[in-house]
Amino acid sequence: MPRSLRPAKGSLVNTDVGALKGVGPALGKKLAKLGIETLQDVLFHLPFRYEDRTRVTPIGAVRPGEAYVLEGDVVACDVAYGRRRSLLAYLQDETGKIGLRFYHFSKAQHHNLKTAGRIRCFGEVRSGASGPEIYHPEYSKLSANEPMEEALTPIYPATEGVSQARYRSMAEQVLARLEAHPLEEIVEGSWPLSLNEAIRYLHHPPPDADTSQMLEGIHPAQARLAFEELTAHQVSLRIVRAEIQKLTAPLLNAPAQKYEEARNSFGFKLTNAQARVSAEVAEDMMKPRPSLRLVQGDVGSGKTVIAALAATHTHENNLQTALMAPTELLAEQHFINVSGWLNPLGIKTAWLSGRVTGKKREEELTRIAMGDASVVIGTHALFQKDVHFKSLGLVIVDEQHRFGVHQRLALREKGTDGNSSPHQLVMTATPIPRTLSMSMYADMDVSLIDELPPGRTPITTTVISDEKRDSVISRVADACAEGRQAYWVCTLIEESEALQCQAAETTAEELHKILSDVRIGLVHGRMTSQAKTAVMNEFKAGNLDLLVATTVIEVGVDVPNASLMIIENSERLGLAQLHQLRGRIGRGSAASNCVLLYKKPLGKISRERLEVMRQSNDGFFIAERDLKIRGPGELLGARQSGALQFRIADLMRDQAMLQDVRRTAQALLEESPDEADRLVRRWIKDPERVGQV
Ligand code: ADP
Ligand code: MG
């Protein structure tokens with residue numbers, strides 16, 4: 001076995017991508033941006049899904065949510081004027097008919113498609129306005145005996161500026177060298193395939209590959225690599241943790257008078273869970289080692305006060321706190337809340353975001369460097385190079401799943417000088433089952449806020465077809481007439497943010513026409529932060545009754561008087577996201593209602609999922625049910641809950657491996673640190689950064 005082989009000359013680890021045919025300096029640069037520099041890197045940029053273009057499916061047999069190759073005759077092709085203008089063609093075979101819809105099209109395309117006759121097309125089927133439809137399918141005129149693909153088609157993750165075909169050709173070239181220069185087998189186990197075989201399988205599935213296993217992500221080749229990737233992460237987390245344990249951290253005294261004052265400044269009594277968790281956080285900082293704690297608490301459980309108390313504790317010890325949130329909107333809400341609580345106690349706050357520029361920014365930077373500001377709140381802007389803290393004692397990161405591990409580490413570095421590092425607190429509303437959090441955050445302690453503040457009235461959720469949109473609109477009118485405030489959330493079928501914003505604009509106009517007495521505001525991702533904040537503040541102040549929004553309001557927006565929420569196209573959203581959105585209401589004492597609008601026809605799984613939302617307000621319950629209903633193998637799970645961007649592993653799906661992964665990582669680190677290091681470098685780009693901290 002080449003187990004202990006050191007990488008030799010000509011090995012894939014040592015050869016630059018430039019050695020491949022067709023890869024010049026320009027392409028090399030684009031690849032470098034994706035972290036692809038060596039031939040080994042090419043192979044570890046794994047396909048994240050597969051398309052089955054090996055066979056033609058009868059149109060009558062298609063189901064929404066799946067992608068198919070279809071063949072048939074174009075029987076109609078006209079411009080449709082719905083809420084948005086589109087080109088709608090129908091494709092027909094002996095078994096049925098399906099709509100092909102294009103939102104972007106030219107006159108020429110319209111003409112060509114109309115006269116195309118028999119075509120072959122490929123795309124994902126959705127339930128559209130006219131029944132089953134494919135949006136923007138790929139298609140081509142069908143000449144006689146056009147060959148089909150022989151095997152599954154690998155689809156690579158975003159390769160900006162590098163086409164799928166180009167990437168496939170690169171991967172093929174590297175595979176051709178694999179026999180002569182095999183990859184080092186580092187993680188051993190009782191696998192039916194070696195690493196080299198598994199890699200080959202995934203980039204170039206053989207024609208007889210088990211399609212359904214591959215599409216589900218549970219083929220042994222995939223499992224083999226997922227195991228190795230998880231092991232690499234586990235190893236790197238252990239290295240980080242060991243490094244951090246060598247550092248010292250500011251040793252804080254027990255919370256004192258200001259802390260008590262802060263507790264009394266909230267205007268409410270802490271819940272038992274909040275009291276317990278804030279005590280755990282305080283204990284952490286009374287030890288001389290850098291702590292790292294994950295605070296998990298459902299939407300609305302009151303995580304912000306935990307942050308405010310920890311910051312006060314840090315202030316009492318003449319140290320600063322950095323509080324970072326993923327969006328400007330959320331960061332600003334934190335700034336307003338925390339300043340409101342702490343400024344009256346003489347604890348000064350500073351504000352940094354991409355929007356703070358010029359003189360104002362200089363001033364804030366000076367206040368931070370001089371130590372005048374105790375609590376610095378903001379977005380990513382907090383960890384830019386020119387931000388220097390006088391004495392950073394604590395880093396708080398809110399809604400952690402939006403940040404990568406690396407950003408977290410970069411912020412920690414701010415206060416790290418040689419052998420000392422700040423404490424760190426990470427807050428998240430994403431429910432992560434305990435077994436998972438232990439592995440995924442192997443470097444963290446976990447606290448749970450398992451209780452909501454009292455006096456909340458549970459949210460009643462109803463699921464309604466958008467055919468009854470009119471009655472929902474009049475319900476909004478009634479609610480606003482009673483002085484309630486409402487959100488109307490536009491989520492669009494389209495992936496593009498621009499289109500989503502456009503939909504929100506259209507909806508706001510439409511509602512404005514119908515509801516002339518209702519004061520309507522609009523926020524979406526394409527507005528400037530300033531404009532967004534202005535509208536939010538108006539809504540918060542009660543000067544607007546209805547806020548039409550895109551999912552930008554998903555995270556952390558807090559307007560207690562809002563008690564009605566309408567969510568469009570709810571069947572297209574993940575349950576975790578729906579739960580986050582819905583958590584914007586039910587924050588005051590008024591009974592709250594959430595209306596989930598959906599488009600017919602609703603498939604069985606979608607129906608079940610919306611039913612879960614109707615039944616429960618409990619984030620953990622919802623996450624678990626979601627996992628059960630969708631079953632393993634759903635990539636979305638990892639993407640939604642994952643702080644870590646894995647290439648192939650899926651924490652939910654691969655849960656059963658985790659114990660073995662931990663053992664393997666530990667053994668590897670003990671027996672062969674060099675191999676462990678090469679394993680990490682293979683899977684994780686920029687491991688230096690991880691190692692440094
Ligand atoms: P999270 O960030 O966990 O979703 P927030 O910190 O935004 O929740 O708190 C949600 C709302 O609950 C805020 O309006 C906050 O002021 C309020 N709140 C927090 N803790 C309590 C409590 N113990 N009693 C009453 N209200 C509370
Ligand atoms: Mg929050």
# chains A, B, ... in the order shown; residues from 1 in each chain; ligands from 1

$ closest_atom_pairs --of "chain A" --to "ligand 2" --cutoff "10 Å" --atoms "only C-alpha atoms and all ligand atoms" --output "CSV"
residue,atom,partner,partner_atom_place_in_ligand_line,distance
A:Gly297,CA,ligand 2,1 (Mg),9.0
A:Asp298,CA,ligand 2,1 (Mg),9.1
A:Val299,CA,ligand 2,1 (Mg),6.9
A:Gly300,CA,ligand 2,1 (Mg),7.0
A:Ser301,CA,ligand 2,1 (Mg),8.3
A:Gly302,CA,ligand 2,1 (Mg),7.0
A:Lys303,CA,ligand 2,1 (Mg),5.7
A:Thr304,CA,ligand 2,1 (Mg),5.8
A:Val305,CA,ligand 2,1 (Mg),9.4
A:Ala307,CA,ligand 2,1 (Mg),9.8
A:Ala325,CA,ligand 2,1 (Mg),9.0
A:Leu330,CA,ligand 2,1 (Mg),7.9
A:Ala331,CA,ligand 2,1 (Mg),9.7
A:Gln333,CA,ligand 2,1 (Mg),9.2
A:His334,CA,ligand 2,1 (Mg),8.2
A:Asp398,CA,ligand 2,1 (Mg),6.9
A:Glu399,CA,ligand 2,1 (Mg),7.1
A:Met427,CA,ligand 2,1 (Mg),7.9
A:Thr428,CA,ligand 2,1 (Mg),7.8
A:Ala429,CA,ligand 2,1 (Mg),7.5
A:Val555,CA,ligand 2,1 (Mg),7.2
A:Gly556,CA,ligand 2,1 (Mg),4.5
A:Val557,CA,ligand 2,1 (Mg),7.7
A:Asp558,CA,ligand 2,1 (Mg),8.4

$ write_last_selection --atoms "C-alpha atoms" --output "mmCIF file, in the first residue's frame"
data_model
loop_
_atom_site.group_PDB
_atom_site.id
_atom_site.type_symbol
_atom_site.label_atom_id
_atom_site.label_comp_id
_atom_site.auth_asym_id
_atom_site.auth_seq_id
_atom_site.Cartn_x
_atom_site.Cartn_y
_atom_site.Cartn_z
ATOM 1 C CA GLY A 297 -31.918 29.213 21.404
ATOM 2 C CA ASP A 298 -35.022 29.153 19.306
ATOM 3 C CA VAL A 299 -36.158 32.257 17.493
ATOM 4 C CA GLY A 300 -37.361 34.776 20.082
ATOM 5 C CA SER A 301 -35.830 33.007 23.068
ATOM 6 C CA GLY A 302 -33.951 36.197 23.937
ATOM 7 C CA LYS A 303 -30.353 35.670 22.952
ATOM 8 C CA THR A 304 -29.576 39.381 22.656
ATOM 9 C CA VAL A 305 -29.721 39.949 26.406
ATOM 10 C CA ALA A 307 -24.852 39.149 24.593
ATOM 11 C CA ALA A 325 -24.132 40.019 12.962
ATOM 12 C CA LEU A 330 -29.644 42.741 12.114
ATOM 13 C CA ALA A 331 -26.436 44.408 13.249
ATOM 14 C CA GLN A 333 -31.043 46.276 15.503
ATOM 15 C CA HIS A 334 -28.460 44.940 17.914
ATOM 16 C CA ASP A 398 -24.733 36.146 16.138
ATOM 17 C CA GLU A 399 -26.531 33.743 13.791
ATOM 18 C CA MET A 427 -25.281 32.502 19.101
ATOM 19 C CA THR A 428 -27.555 30.616 16.772
ATOM 20 C CA ALA A 429 -31.243 29.920 16.318
ATOM 21 C CA VAL A 555 -33.023 36.947 10.546
ATOM 22 C CA GLY A 556 -33.446 38.787 13.796
ATOM 23 C CA VAL A 557 -35.854 41.576 12.940
ATOM 24 C CA ASP A 558 -37.789 42.481 16.062
#

$ select_by_dssp --residues "region 347-390 of chain A" --states "strand (DSSP E or B)" --output "PDB file with N, CA and C atoms, in the first residue's frame"
ATOM      1  N   THR A 349     -20.942  52.485  23.159  1.00  0.00           N
ATOM      2  CA  THR A 349     -21.001  51.548  22.036  1.00  0.00           C
ATOM      3  C   THR A 349     -20.480  52.227  20.769  1.00  0.00           C
ATOM      4  N   ALA A 350     -19.984  51.430  19.843  1.00  0.00           N
ATOM      5  CA  ALA A 350     -19.573  51.968  18.545  1.00  0.00           C
ATOM      6  C   ALA A 350     -20.206  51.125  17.456  1.00  0.00           C
ATOM      7  N   TRP A 351     -20.320  51.727  16.288  1.00  0.00           N
ATOM      8  CA  TRP A 351     -21.042  51.089  15.175  1.00  0.00           C
ATOM      9  C   TRP A 351     -20.164  51.067  13.925  1.00  0.00           C
ATOM     10  N   LEU A 352     -19.991  49.896  13.374  1.00  0.00           N
ATOM     11  CA  LEU A 352     -19.175  49.747  12.161  1.00  0.00           C
ATOM     12  C   LEU A 352     -19.892  48.862  11.156  1.00  0.00           C
ATOM     13  N   VAL A 375     -18.272  48.455  23.599  1.00  0.00           N
ATOM     14  CA  VAL A 375     -18.960  47.419  22.839  1.00  0.00           C
ATOM     15  C   VAL A 375     -19.026  47.871  21.384  1.00  0.00           C
ATOM     16  N   VAL A 376     -18.413  47.116  20.504  1.00  0.00           N
ATOM     17  CA  VAL A 376     -18.376  47.485  19.099  1.00  0.00           C
ATOM     18  C   VAL A 376     -19.275  46.530  18.333  1.00  0.00           C
ATOM     19  N   ILE A 377     -20.275  47.111  17.664  1.00  0.00           N
ATOM     20  CA  ILE A 377     -21.286  46.282  17.013  1.00  0.00           C
ATOM     21  C   ILE A 377     -21.245  46.527  15.519  1.00  0.00           C
ATOM     22  N   GLY A 378     -21.405  45.481  14.735  1.00  0.00           N
ATOM     23  CA  GLY A 378     -21.392  45.676  13.297  1.00  0.00           C
ATOM     24  C   GLY A 378     -21.449  44.393  12.508  1.00  0.00           C
TER      25      GLY A 378
END

$ closest_atom_pairs --of "region 29-90 of chain A" --to "region 197-215 of chain A" --cutoff "8 Å" --atoms "only C-alpha atoms" --output "CSV"
residue,atom,partner,partner_atom,distance
A:Leu43,CA,A:Ile199,CA,7.0
A:Leu46,CA,A:His203,CA,7.1
A:Pro47,CA,A:His203,CA,6.8
A:Arg49,CA,A:Leu215,CA,6.8
A:Tyr50,CA,A:Leu215,CA,6.1
A:Glu51,CA,A:Leu215,CA,7.9
A:Asp52,CA,A:Thr211,CA,7.7

$ closest_residue --among "A:Leu247, A:Ala486, A:Ala273, A:Val523" --to "ligand 1" --atoms "only C-alpha atoms and all ligand atoms"
A:Ala273

$ residues_around --residues "Ser420 (chain A)" --least-positions-apart "6" --cutoff "12 Å" --atoms "only C-alpha atoms" --output "VMD selection string"
chain A and resid 243 to 251 288 to 291 391 to 394 412 to 414 693

$ closest_residue --among "A:Glu146, A:Glu671, A:Asp41, A:Glu261" --to "Glu71 (chain A)" --atoms "only C-alpha atoms"
A:Glu146

$ atom_distance --atom1 "CA of Ile98 (chain A)" --atom2 "CA of Ala144 (chain A)"
22.3 Å

$ closest_residue --among "A:Gly117, A:Gly583, A:Gly358, A:Pro601" --to "ligand 1" --atoms "only C-alpha atoms and all ligand atoms"
A:Gly583

$ residues_around --residues "Ile622 (chain A)" --least-positions-apart "5" --cutoff "9 Å" --atoms "only C-alpha atoms" --output "PyMOL selection string"
chain A and resi 431+575-576+579+609+612-613+616-617+627

$ write_last_selection --atoms "C-alpha atoms" --output "PDB file, in the first residue's frame"
ATOM      1  CA  PRO A 431     -31.639  23.867  15.912  1.00  0.00           C
ATOM      2  CA  LEU A 575     -38.853  24.464   7.034  1.00  0.00           C
ATOM      3  CA  ALA A 576     -35.951  25.997   8.934  1.00  0.00           C
ATOM      4  CA  HIS A 579     -39.607  28.876  11.039  1.00  0.00           C
ATOM      5  CA  ARG A 609     -44.087  19.653   5.553  1.00  0.00           C
ATOM      6  CA  VAL A 612     -45.632  20.292  10.388  1.00  0.00           C
ATOM      7  CA  MET A 613     -45.464  24.084  10.307  1.00  0.00           C
ATOM      8  CA  SER A 616     -45.729  23.174  15.742  1.00  0.00           C
ATOM      9  CA  ASN A 617     -43.870  26.287  16.796  1.00  0.00           C
ATOM     10  CA  LEU A 627     -35.297  15.436   8.438  1.00  0.00           C
TER      11      LEU A 627
END

$ atom_distance --atom1 "CA of Ser421 (chain A)" --atom2 "CA of Ala308 (chain A)"
20.4 Å

$ decode --residues "region 156-168 of chain A" --atoms "C-alpha atoms" --output "PDB file, in the first residue's frame"
ATOM      1  CA  TYR A 156     -19.771  20.747 -10.276  1.00  0.00           C
ATOM      2  CA  PRO A 157     -20.343  23.432  -7.671  1.00  0.00           C
ATOM      3  CA  ALA A 158     -20.166  27.050  -8.816  1.00  0.00           C
ATOM      4  CA  THR A 159     -17.194  27.383 -11.070  1.00  0.00           C
ATOM      5  CA  GLU A 160     -17.483  31.032 -11.978  1.00  0.00           C
ATOM      6  CA  GLY A 161     -16.164  31.606 -15.448  1.00  0.00           C
ATOM      7  CA  VAL A 162     -15.357  27.929 -15.886  1.00  0.00           C
ATOM      8  CA  SER A 163     -18.046  26.059 -17.775  1.00  0.00           C
ATOM      9  CA  GLN A 164     -19.243  22.670 -16.629  1.00  0.00           C
ATOM     10  CA  ALA A 165     -17.966  21.142 -19.860  1.00  0.00           C
ATOM     11  CA  ARG A 166     -14.525  22.675 -19.370  1.00  0.00           C
ATOM     12  CA  TYR A 167     -14.364  21.455 -15.814  1.00  0.00           C
ATOM     13  CA  ARG A 168     -15.430  17.974 -16.844  1.00  0.00           C
TER      14      ARG A 168
END
